[in-house]
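> Coordinates in structure.csv, CSV, C-alpha atoms and all ligand atoms, are listed below.
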chain,number,residue,atom,x,y,z
A,1,MET,CA,219.0,-62.2,19.0
A,2,SER,CA,222.8,-61.9,19.5
A,3,TRP,CA,225.5,-61.2,22.0
A,4,VAL,CA,224.8,-57.5,22.1
A,5,ALA,CA,227.2,-56.6,24.9
A,6,SER,CA,230.2,-58.2,23.2
A,7,GLU,CA,229.3,-57.1,19.7
A,8,ARG,CA,229.3,-53.4,20.7
A,9,TYR,CA,233.0,-53.8,21.6
A,10,ARG,CA,233.8,-55.6,18.3
A,11,VAL,CA,235.7,-58.4,20.2
A,12,ARG,CA,236.5,-61.9,18.9
A,13,GLN,CA,233.7,-64.1,20.3
A,14,ALA,CA,234.3,-67.2,22.4
A,15,PRO,CA,232.8,-70.4,20.9
A,16,ALA,CA,229.3,-71.6,21.6
A,17,GLY,CA,228.1,-71.2,25.2
A,18,LEU,CA,231.4,-69.8,26.6
A,19,ALA,CA,230.3,-66.6,24.9
A,20,LEU,CA,227.8,-66.2,27.7
A,21,VAL,CA,230.6,-65.6,30.2
A,22,GLN,CA,232.3,-63.2,27.8
A,23,GLU,CA,228.9,-61.5,27.3
A,24,LEU,CA,228.4,-60.9,31.0
A,25,ILE,CA,231.9,-59.3,31.4
A,26,ASN,CA,231.2,-57.1,28.4
A,27,THR,CA,228.1,-55.6,30.0
A,28,ARG,CA,230.6,-53.3,31.8
A,29,ALA,CA,230.9,-49.7,30.6
A,30,ILE,CA,233.8,-48.2,28.8
A,31,ARG,CA,234.0,-44.6,29.7
A,32,GLY,CA,233.1,-42.2,26.9
A,33,TYR,CA,232.1,-45.1,24.6
A,34,ALA,CA,229.3,-47.3,26.0
A,35,PRO,CA,227.2,-47.6,29.1
A,36,ASP,CA,226.9,-50.3,31.8
A,37,LEU,CA,224.1,-52.6,30.7
A,38,LEU,CA,223.5,-53.7,34.3
A,39,ALA,CA,223.1,-50.2,35.6
A,40,ASP,CA,219.4,-50.5,36.4
A,41,ARG,CA,216.7,-53.1,36.3
A,42,GLU,CA,215.2,-52.2,33.0
A,43,SER,CA,218.5,-52.3,31.2
A,44,ALA,CA,219.7,-55.5,33.0
A,45,GLU,CA,216.4,-57.3,32.2
A,46,ARG,CA,216.6,-56.3,28.5
A,47,TRP,CA,220.2,-57.6,28.4
A,48,LEU,CA,219.4,-60.8,30.3
A,49,THR,CA,216.5,-61.6,28.0
A,50,GLY,CA,218.7,-61.2,24.9
A,51,ALA,CA,221.7,-63.1,26.2
A,52,THR,CA,219.7,-66.1,27.7
A,53,GLY,CA,217.7,-66.2,24.5
A,54,GLU,CA,220.8,-66.5,22.4
A,55,TRP,CA,222.2,-69.2,24.8
A,56,ALA,CA,218.9,-71.1,24.6
A,57,ARG,CA,218.9,-70.8,20.8
A,58,ILE,CA,222.4,-72.2,20.5
A,59,HIS,CA,221.6,-75.1,22.8
A,60,GLY,CA,218.1,-75.8,21.4
A,61,VAL,CA,216.3,-75.3,24.7
A,62,ASP,CA,213.6,-72.9,25.9
A,63,SER,CA,214.5,-69.5,27.2
A,64,PRO,CA,214.1,-69.0,31.0
A,65,ASP,CA,211.9,-66.4,32.7
A,66,CYS,CA,214.1,-63.3,32.9
A,67,ALA,CA,212.2,-61.1,35.4
A,68,LEU,CA,214.5,-59.4,37.8
A,69,SER,CA,214.0,-58.0,41.3
A,70,LEU,CA,215.1,-54.5,42.3
A,71,SER,CA,218.2,-55.9,44.0
A,72,ASP,CA,219.2,-58.2,41.1
A,73,PRO,CA,221.1,-55.6,39.0
A,74,ARG,CA,223.5,-55.1,42.0
A,75,ALA,CA,223.9,-58.8,42.4
A,76,LEU,CA,224.5,-59.2,38.7
A,77,ARG,CA,227.3,-56.6,38.8
A,78,ASP,CA,228.9,-58.5,41.7
A,79,LEU,CA,228.6,-61.7,39.7
A,80,ARG,CA,230.3,-59.9,36.8
A,81,GLU,CA,233.1,-58.9,39.1
A,82,SER,CA,233.5,-62.5,40.3
A,83,PHE,CA,234.0,-63.7,36.8
A,84,GLU,CA,236.4,-60.9,36.0
A,85,ARG,CA,238.5,-62.0,38.9
A,86,LEU,CA,238.2,-65.6,37.9
A,87,LEU,CA,239.6,-64.8,34.5
A,88,THR,CA,242.4,-62.5,35.7
A,89,THR,CA,243.6,-64.9,38.4
A,90,ALA,CA,243.7,-67.9,36.0
A,91,PRO,CA,247.2,-69.3,35.6
A,92,ALA,CA,247.3,-68.4,31.9
A,93,SER,CA,246.4,-64.7,32.5
A,94,GLY,CA,250.0,-64.0,33.6
A,95,VAL,CA,248.7,-62.1,36.6
A,96,ASP,CA,250.1,-63.2,39.9
A,97,PRO,CA,247.0,-64.4,41.9
A,98,GLY,CA,248.9,-63.7,45.1
A,99,THR,CA,247.0,-64.9,48.1
A,100,ALA,CA,243.5,-63.9,46.8
A,101,ALA,CA,241.2,-66.9,46.8
A,102,PRO,CA,239.3,-67.5,43.5
A,103,PRO,CA,235.7,-66.4,43.6
A,104,ARG,CA,233.0,-68.9,44.4
A,105,PRO,CA,229.3,-69.1,43.5
A,106,ALA,CA,227.2,-66.5,45.3
A,107,SER,CA,225.3,-69.1,47.4
A,108,GLY,CA,228.6,-70.4,48.9
A,109,ARG,CA,227.3,-73.9,48.6
A,110,GLY,CA,227.7,-74.3,44.8
A,111,VAL,CA,225.2,-74.0,42.0
A,112,ALA,CA,222.5,-76.4,40.9
A,113,VAL,CA,222.4,-77.8,37.4
A,114,ARG,CA,220.4,-80.5,35.7
A,115,LEU,CA,222.3,-83.2,33.7
A,116,ALA,CA,220.6,-84.4,30.6
A,117,PRO,CA,221.7,-86.5,27.6
A,118,ASP,CA,221.1,-85.0,24.2
A,119,GLU,CA,219.9,-86.9,21.1
A,120,GLN,CA,223.5,-88.3,20.5
A,121,GLY,CA,223.7,-89.5,24.1
A,122,GLN,CA,226.1,-86.7,25.1
A,123,VAL,CA,225.4,-85.7,28.7
A,124,ARG,CA,225.4,-81.9,29.2
A,125,PRO,CA,224.7,-79.6,32.2
A,126,LEU,CA,221.5,-77.6,31.8
A,127,PRO,CA,220.9,-74.5,33.9
A,128,VAL,CA,218.0,-74.5,36.3
A,129,GLY,CA,216.0,-71.7,38.0
A,130,ARG,CA,214.9,-68.4,36.7
A,131,GLY,CA,216.4,-64.9,36.1
A,132,ARG,CA,219.6,-64.3,38.0
A,133,GLY,CA,219.7,-67.9,39.4
A,134,TRP,CA,219.4,-69.4,35.9
A,135,LEU,CA,222.2,-67.1,34.6
A,136,GLU,CA,224.5,-68.1,37.5
A,137,SER,CA,223.8,-71.8,36.8
A,138,ALA,CA,224.5,-71.3,33.1
A,139,LEU,CA,227.7,-69.4,33.7
A,140,TRP,CA,229.3,-72.0,36.0
A,141,SER,CA,228.2,-74.8,33.7
A,142,GLU,CA,229.9,-73.1,30.8
A,143,THR,CA,233.0,-72.4,32.9
A,144,LEU,CA,233.2,-76.1,33.8
A,145,LEU,CA,232.8,-77.2,30.1
A,146,ALA,CA,235.4,-74.7,28.9
A,147,GLN,CA,237.9,-75.7,31.6
A,148,ARG,CA,237.5,-79.3,30.6
A,149,ALA,CA,237.7,-78.5,26.9
A,150,GLY,CA,240.8,-76.3,27.4
A,151,THR,CA,239.2,-73.2,25.9
A,152,TRP,CA,238.9,-71.4,29.3
A,153,PRO,CA,242.5,-69.9,29.3
A,154,ARG,CA,241.7,-68.3,25.9
A,155,LEU,CA,239.0,-66.1,27.4
A,156,LYS,CA,240.8,-62.9,28.5
A,157,ILE,CA,240.3,-59.3,29.6
A,158,CYS,CA,242.1,-56.7,27.5
A,159,ARG,CA,245.2,-55.5,29.3
A,160,ASN,CA,244.4,-51.8,28.5
A,161,GLY,CA,242.8,-50.7,31.8
A,162,GLU,CA,240.6,-48.1,30.0
A,163,CYS,CA,239.2,-50.9,27.7
A,164,GLY,CA,239.0,-54.0,29.8
A,165,SER,CA,236.7,-55.8,27.3
A,166,ALA,CA,236.6,-59.6,27.3
A,167,PHE,CA,237.9,-61.3,24.1
A,168,TYR,CA,238.7,-64.7,22.9
A,169,ASP,CA,242.3,-65.2,22.1
A,170,THR,CA,242.7,-67.2,18.9
A,171,SER,CA,246.5,-66.7,18.6
A,172,ARG,CA,248.5,-70.0,18.1
A,173,ASN,CA,250.3,-69.9,21.4
A,174,ASN,CA,247.6,-68.1,23.3
A,175,SER,CA,249.8,-65.1,24.0
A,176,GLY,CA,247.4,-62.2,23.1
A,177,VAL,CA,246.8,-59.5,25.7
A,178,TRP,CA,244.9,-56.9,23.7
A,179,HIS,CA,241.4,-57.3,22.4
A,180,ASP,CA,242.7,-55.6,19.3
A,181,VAL,CA,246.4,-54.9,19.0
A,182,ARG,CA,245.7,-51.9,16.6
A,183,ILE,CA,243.4,-50.2,19.0
A,184,CYS,CA,244.7,-51.0,22.5
A,185,GLY,CA,248.1,-52.5,21.8
A,186,ASN,CA,249.4,-49.6,19.6
A,187,ALA,CA,248.1,-47.0,22.0
A,188,ALA,CA,249.9,-48.7,24.9
A,189,ASN,CA,253.1,-49.0,22.9
A,190,LEU,CA,252.9,-45.3,22.0
A,191,ARG,CA,252.4,-44.4,25.6
A,192,ALA,CA,255.3,-46.5,26.7
A,193,SER,CA,257.5,-45.1,23.9
A,194,ARG,CA,256.6,-41.5,24.9
A,195,GLN,CA,257.4,-42.3,28.5
A,196,ARG,CA,260.8,-43.7,27.6
A,197,LYS,CA,261.5,-40.6,25.5
A,198,ARG,CA,260.5,-38.4,28.5
A,199,ILE,CA,262.8,-40.3,30.9
A,200,ARG,CA,265.7,-40.2,28.4
A,201,ALA,CA,265.2,-36.4,27.8
A,202,ALA,CA,265.0,-35.8,31.5
A,203,ALA,CA,268.2,-37.8,32.1
A,204,GLU,CA,270.0,-35.9,29.3
A,205,GLY,CA,268.7,-32.6,30.6
A,206,ASP,CA,270.1,-33.5,34.0
A,207,ARG,CA,273.5,-34.4,32.6
A,208,ASP,CA,273.6,-31.1,30.5
A,209,GLY,CA,272.7,-29.2,33.6
A,210,LYS,CA,275.6,-30.8,35.5
A,211,ASP,CA,278.0,-30.3,32.6
A,212,GLU,CA,277.2,-26.5,32.5
A,213,GLY,CA,277.8,-26.3,36.2
A,214,THR,CA,281.3,-27.8,35.9
A,215,PRO,CA,284.0,-25.2,35.8
A,216,ALA,CA,286.0,-25.3,32.6
A,217,GLY,CA,289.7,-26.5,32.6
A,301,ZN,ZN,241.1,-53.4,24.4
Could the structure of this file be written out as structure tokens, please?
Ligand SMILES: [Zn+2]

Amino acid sequence: MSWVASERYRVRQAPAGLALVQELINTRAIRGYAPDLLADRESAERWLTGATGEWARIHGVDSPDCALSLSDPRALRDLRESFERLLTTAPASGVDPGTAAPPRPASGRGVAVRLAPDEQGQVRPLPVGRGRGWLESALWSETLLAQRAGTWPRLKICRNGECGSAFYDTSRNNSGVWHDVRICGNAANLRASRQRKRIRAAAEGDRDGKDEGTPAG
């Protein structure tokens, strides 16, 4: 088992359990490249089984029951959107959060987790429930741990709007904005450079036009 959604976009993986949040975001489609893994129940259930299995393997616990209802894929897509917003309104994202309130757990009252010490006596939150409920419990637990550990601001969404994949920024000063600068960064720089050239050419054309219209001496 592995993080199939993130691996298909060849992004740098977040450490340990935080990769589950990244994995949820990377279930989204990239047009002309890969489909939405939460598009229907069958596909969503297959993804959830793989992702929760990987999470359970890392944490040394049993995998949850991953059966989904007909309405769950829709709810999972909403959950994905909530986490996308949470990441893009984080202070480190550089995006002005404006007046938008940060997203909250779907229930509105918070999410249940179980606290349990491991063999070394380290207390950790363990997700509870099944299917979508388990996933939500795990996602908010991992968010809490990452926010406390300081790794949360390094989980980012690629600034290229056509890409939008979630990646883990390992740059020294946490300044990365592209999932891969050679793929998304260079394409954006090329577009910006062409745009600047067009503007310059238009301005020069304007000036030439005016010059021609000026009567000589
Ligand atoms: Zn990208």
> At a cut-off of 9 Å, using all atoms listed in the file, what residues contact Leu48 (chain A)? Leave out same-chain residues fewer than 5 positions from it and give the result as a PDB file with C-alpha atoms, in the coordinates of the input.

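What landed in selection28.pdb:
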ATOM      1  CA  SER A  43     218.500 -52.300  31.200  1.00  0.00           C
ATOM      2  CA  GLY A  53     217.700 -66.200  24.500  1.00  0.00           C
ATOM      3  CA  CYS A  66     214.100 -63.300  32.900  1.00  0.00           C
ATOM      4  CA  ALA A  67     212.200 -61.100  35.400  1.00  0.00           C
ATOM      5  CA  GLY A 131     216.400 -64.900  36.100  1.00  0.00           C
ATOM      6  CA  ARG A 132     219.600 -64.300  38.000  1.00  0.00           C
ATOM      7  CA  LEU A 135     222.200 -67.100  34.600  1.00  0.00           C
TER       8      LEU A 135
END
> Just want the residues within 9 Å of ligand ZN 301 (chain A), written as a ChimeraX atom specification, counting all atoms listed in the file.
/A:9,11,157-167,177-181,183-185
> Convert the current residue selection to file output with C-alpha atoms, as a short mmCIF file (atom, residue, chain, number, x, y, z; two decimals), in the frame of the given file.

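Saved to out29.cif:
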data_model
loop_
_atom_site.label_atom_id
_atom_site.label_comp_id
_atom_site.auth_asym_id
_atom_site.auth_seq_id
_atom_site.Cartn_x
_atom_site.Cartn_y
_atom_site.Cartn_z
CA TYR A 9 233.00 -53.80 21.60
CA VAL A 11 235.70 -58.40 20.20
CA ILE A 157 240.30 -59.30 29.60
CA CYS A 158 242.10 -56.70 27.50
CA ARG A 159 245.20 -55.50 29.30
CA ASN A 160 244.40 -51.80 28.50
CA GLY A 161 242.80 -50.70 31.80
CA GLU A 162 240.60 -48.10 30.00
CA CYS A 163 239.20 -50.90 27.70
CA GLY A 164 239.00 -54.00 29.80
CA SER A 165 236.70 -55.80 27.30
CA ALA A 166 236.60 -59.60 27.30
CA PHE A 167 237.90 -61.30 24.10
CA VAL A 177 246.80 -59.50 25.70
CA TRP A 178 244.90 -56.90 23.70
CA HIS A 179 241.40 -57.30 22.40
CA ASP A 180 242.70 -55.60 19.30
CA VAL A 181 246.40 -54.90 19.00
CA ILE A 183 243.40 -50.20 19.00
CA CYS A 184 244.70 -51.00 22.50
CA GLY A 185 248.10 -52.50 21.80
#
> For Trp134 (chain A), please output as a ChimeraX atom specification all residues within 12 Å (counting only C-alpha atoms; exclusion window: fewer than 2 positions along the same chain).
/A:48-49,51-53,55-56,63-68,76,111-114,126-132,136-141
> Include C-alpha atoms and write out the residues we just selected as a compact mmCIF listing (two decimals), in the coordinates of the input.

# COMPACT_ATOMS: atom_id res chain seq x y z
CA LEU A 48 219.40 -60.80 30.30
CA THR A 49 216.50 -61.60 28.00
CA ALA A 51 221.70 -63.10 26.20
CA THR A 52 219.70 -66.10 27.70
CA GLY A 53 217.70 -66.20 24.50
CA TRP A 55 222.20 -69.20 24.80
CA ALA A 56 218.90 -71.10 24.60
CA SER A 63 214.50 -69.50 27.20
CA PRO A 64 214.10 -69.00 31.00
CA ASP A 65 211.90 -66.40 32.70
CA CYS A 66 214.10 -63.30 32.90
CA ALA A 67 212.20 -61.10 35.40
CA LEU A 68 214.50 -59.40 37.80
CA LEU A 76 224.50 -59.20 38.70
CA VAL A 111 225.20 -74.00 42.00
CA ALA A 112 222.50 -76.40 40.90
CA VAL A 113 222.40 -77.80 37.40
CA ARG A 114 220.40 -80.50 35.70
CA LEU A 126 221.50 -77.60 31.80
CA PRO A 127 220.90 -74.50 33.90
CA VAL A 128 218.00 -74.50 36.30
CA GLY A 129 216.00 -71.70 38.00
CA ARG A 130 214.90 -68.40 36.70
CA GLY A 131 216.40 -64.90 36.10
CA ARG A 132 219.60 -64.30 38.00
CA GLU A 136 224.50 -68.10 37.50
CA SER A 137 223.80 -71.80 36.80
CA ALA A 138 224.50 -71.30 33.10
CA LEU A 139 227.70 -69.40 33.70
CA TRP A 140 229.30 -72.00 36.00
CA SER A 141 228.20 -74.80 33.70
> Determine, counting only C-alpha atoms, every residue of protein, DNA or RNA that lies within 9 Å of (216.5, -51.2, 39.7) in the file coordinates, then give the result as a VMD selection string.
chain A and resid 39 to 44 68 to 74
> Any idea what the distance is between CA of Leu20 (chain A) and CA of Ala5 (chain A)?
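Between CA of Leu20 (chain A) and CA of Ala5 (chain A) the gap works out to 10.0 Å.
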> How many Å lie between CA of Arg12 (chain A) and CA of Ala192 (chain A), rounded to one decimal?
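Between CA of Arg12 (chain A) and CA of Ala192 (chain A) the gap works out to 25.5 Å.
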> At what distance in Å, to one decimal, does CA of Leu144 (chain A) lie from CA of Gln13 (chain A)?
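For CA of Gln13 (chain A) relative to CA of Leu144 (chain A), the distance reads 18.1 Å.
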> Find the residues near Thr143 (chain A): any atom within 9 Å, counting only C-alpha atoms, skip ones fewer than 5 places away on the same chain, and give them as a ChimeraX atom specification.
/A:18,21,138,148,152
> Mind writing the picked residues with C-alpha atoms as an mmCIF file, in the coordinates of the input?

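File part_36.cif, as written:
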data_model
loop_
_atom_site.group_PDB
_atom_site.id
_atom_site.type_symbol
_atom_site.label_atom_id
_atom_site.label_comp_id
_atom_site.auth_asym_id
_atom_site.auth_seq_id
_atom_site.Cartn_x
_atom_site.Cartn_y
_atom_site.Cartn_z
ATOM 1 C CA LEU A 18 231.400 -69.800 26.600
ATOM 2 C CA VAL A 21 230.600 -65.600 30.200
ATOM 3 C CA ALA A 138 224.500 -71.300 33.100
ATOM 4 C CA ARG A 148 237.500 -79.300 30.600
ATOM 5 C CA TRP A 152 238.900 -71.400 29.300
#
> Would you mind completing region 117-140 of chain A so that it carries N, CA and C atoms, and writing it out as an mmCIF file, in the frame of the given file?

data_model
loop_
_atom_site.group_PDB
_atom_site.id
_atom_site.type_symbol
_atom_site.label_atom_id
_atom_site.label_comp_id
_atom_site.auth_asym_id
_atom_site.auth_seq_id
_atom_site.Cartn_x
_atom_site.Cartn_y
_atom_site.Cartn_z
ATOM 1 N N PRO A 117 221.082 -86.034 28.858
ATOM 2 C CA PRO A 117 221.700 -86.500 27.600
ATOM 3 C C PRO A 117 220.988 -85.844 26.412
ATOM 4 N N ASP A 118 221.760 -85.471 25.370
ATOM 5 C CA ASP A 118 221.100 -85.000 24.200
ATOM 6 C C ASP A 118 220.784 -86.139 23.224
ATOM 7 N N GLU A 119 220.369 -85.837 21.991
ATOM 8 C CA GLU A 119 219.900 -86.900 21.100
ATOM 9 C C GLU A 119 221.078 -87.887 20.747
ATOM 10 N N GLN A 120 222.334 -87.386 20.839
ATOM 11 C CA GLN A 120 223.500 -88.300 20.500
ATOM 12 C C GLN A 120 223.965 -89.006 21.801
ATOM 13 N N GLY A 121 223.242 -88.813 22.911
ATOM 14 C CA GLY A 121 223.700 -89.500 24.100
ATOM 15 C C GLY A 121 224.764 -88.751 24.883
ATOM 16 N N GLN A 122 225.098 -87.526 24.428
ATOM 17 C CA GLN A 122 226.100 -86.700 25.100
ATOM 18 C C GLN A 122 225.476 -86.027 26.301
ATOM 19 N N VAL A 123 226.017 -86.279 27.499
ATOM 20 C CA VAL A 123 225.400 -85.700 28.700
ATOM 21 C C VAL A 123 225.938 -84.223 28.803
ATOM 22 N N ARG A 124 225.027 -83.321 29.097
ATOM 23 C CA ARG A 124 225.400 -81.900 29.200
ATOM 24 C C ARG A 124 224.693 -81.305 30.437
ATOM 25 N N PRO A 125 225.341 -80.315 31.074
ATOM 26 C CA PRO A 125 224.700 -79.600 32.200
ATOM 27 C C PRO A 125 223.690 -78.596 31.630
ATOM 28 N N LEU A 126 222.487 -78.563 32.186
ATOM 29 C CA LEU A 126 221.500 -77.600 31.800
ATOM 30 C C LEU A 126 221.189 -76.674 32.979
ATOM 31 N N PRO A 127 221.174 -75.367 32.782
ATOM 32 C CA PRO A 127 220.900 -74.500 33.900
ATOM 33 C C PRO A 127 219.483 -74.655 34.448
ATOM 34 N N VAL A 128 219.343 -74.376 35.724
ATOM 35 C CA VAL A 128 218.000 -74.500 36.300
ATOM 36 C C VAL A 128 217.693 -73.121 37.014
ATOM 37 N N GLY A 129 216.430 -72.922 37.351
ATOM 38 C CA GLY A 129 216.000 -71.700 38.000
ATOM 39 C C GLY A 129 215.489 -70.683 37.045
ATOM 40 N N ARG A 130 215.430 -69.444 37.516
ATOM 41 C CA ARG A 130 214.900 -68.400 36.700
ATOM 42 C C ARG A 130 215.765 -67.097 36.920
ATOM 43 N N GLY A 131 215.705 -66.181 35.988
ATOM 44 C CA GLY A 131 216.400 -64.900 36.100
ATOM 45 C C GLY A 131 217.850 -65.018 36.495
ATOM 46 N N ARG A 132 218.235 -64.334 37.569
ATOM 47 C CA ARG A 132 219.600 -64.300 38.000
ATOM 48 C C ARG A 132 220.159 -65.691 38.334
ATOM 49 N N GLY A 133 219.316 -66.518 39.010
ATOM 50 C CA GLY A 133 219.700 -67.900 39.400
ATOM 51 C C GLY A 133 220.037 -68.724 38.181
ATOM 52 N N TRP A 134 219.200 -68.606 37.156
ATOM 53 C CA TRP A 134 219.400 -69.400 35.900
ATOM 54 C C TRP A 134 220.766 -68.930 35.297
ATOM 55 N N LEU A 135 220.982 -67.625 35.261
ATOM 56 C CA LEU A 135 222.200 -67.100 34.600
ATOM 57 C C LEU A 135 223.430 -67.670 35.371
ATOM 58 N N GLU A 136 223.378 -67.647 36.702
ATOM 59 C CA GLU A 136 224.500 -68.100 37.500
ATOM 60 C C GLU A 136 224.782 -69.609 37.191
ATOM 61 N N SER A 137 223.701 -70.371 37.137
ATOM 62 C CA SER A 137 223.800 -71.800 36.800
ATOM 63 C C SER A 137 224.415 -72.018 35.455
ATOM 64 N N ALA A 138 224.003 -71.227 34.479
ATOM 65 C CA ALA A 138 224.500 -71.300 33.100
ATOM 66 C C ALA A 138 226.007 -70.942 33.059
ATOM 67 N N LEU A 139 226.362 -69.872 33.779
ATOM 68 C CA LEU A 139 227.700 -69.400 33.700
ATOM 69 C C LEU A 139 228.727 -70.389 34.298
ATOM 70 N N TRP A 140 228.364 -70.989 35.454
ATOM 71 C CA TRP A 140 229.300 -72.000 36.000
ATOM 72 C C TRP A 140 229.339 -73.232 35.227
#
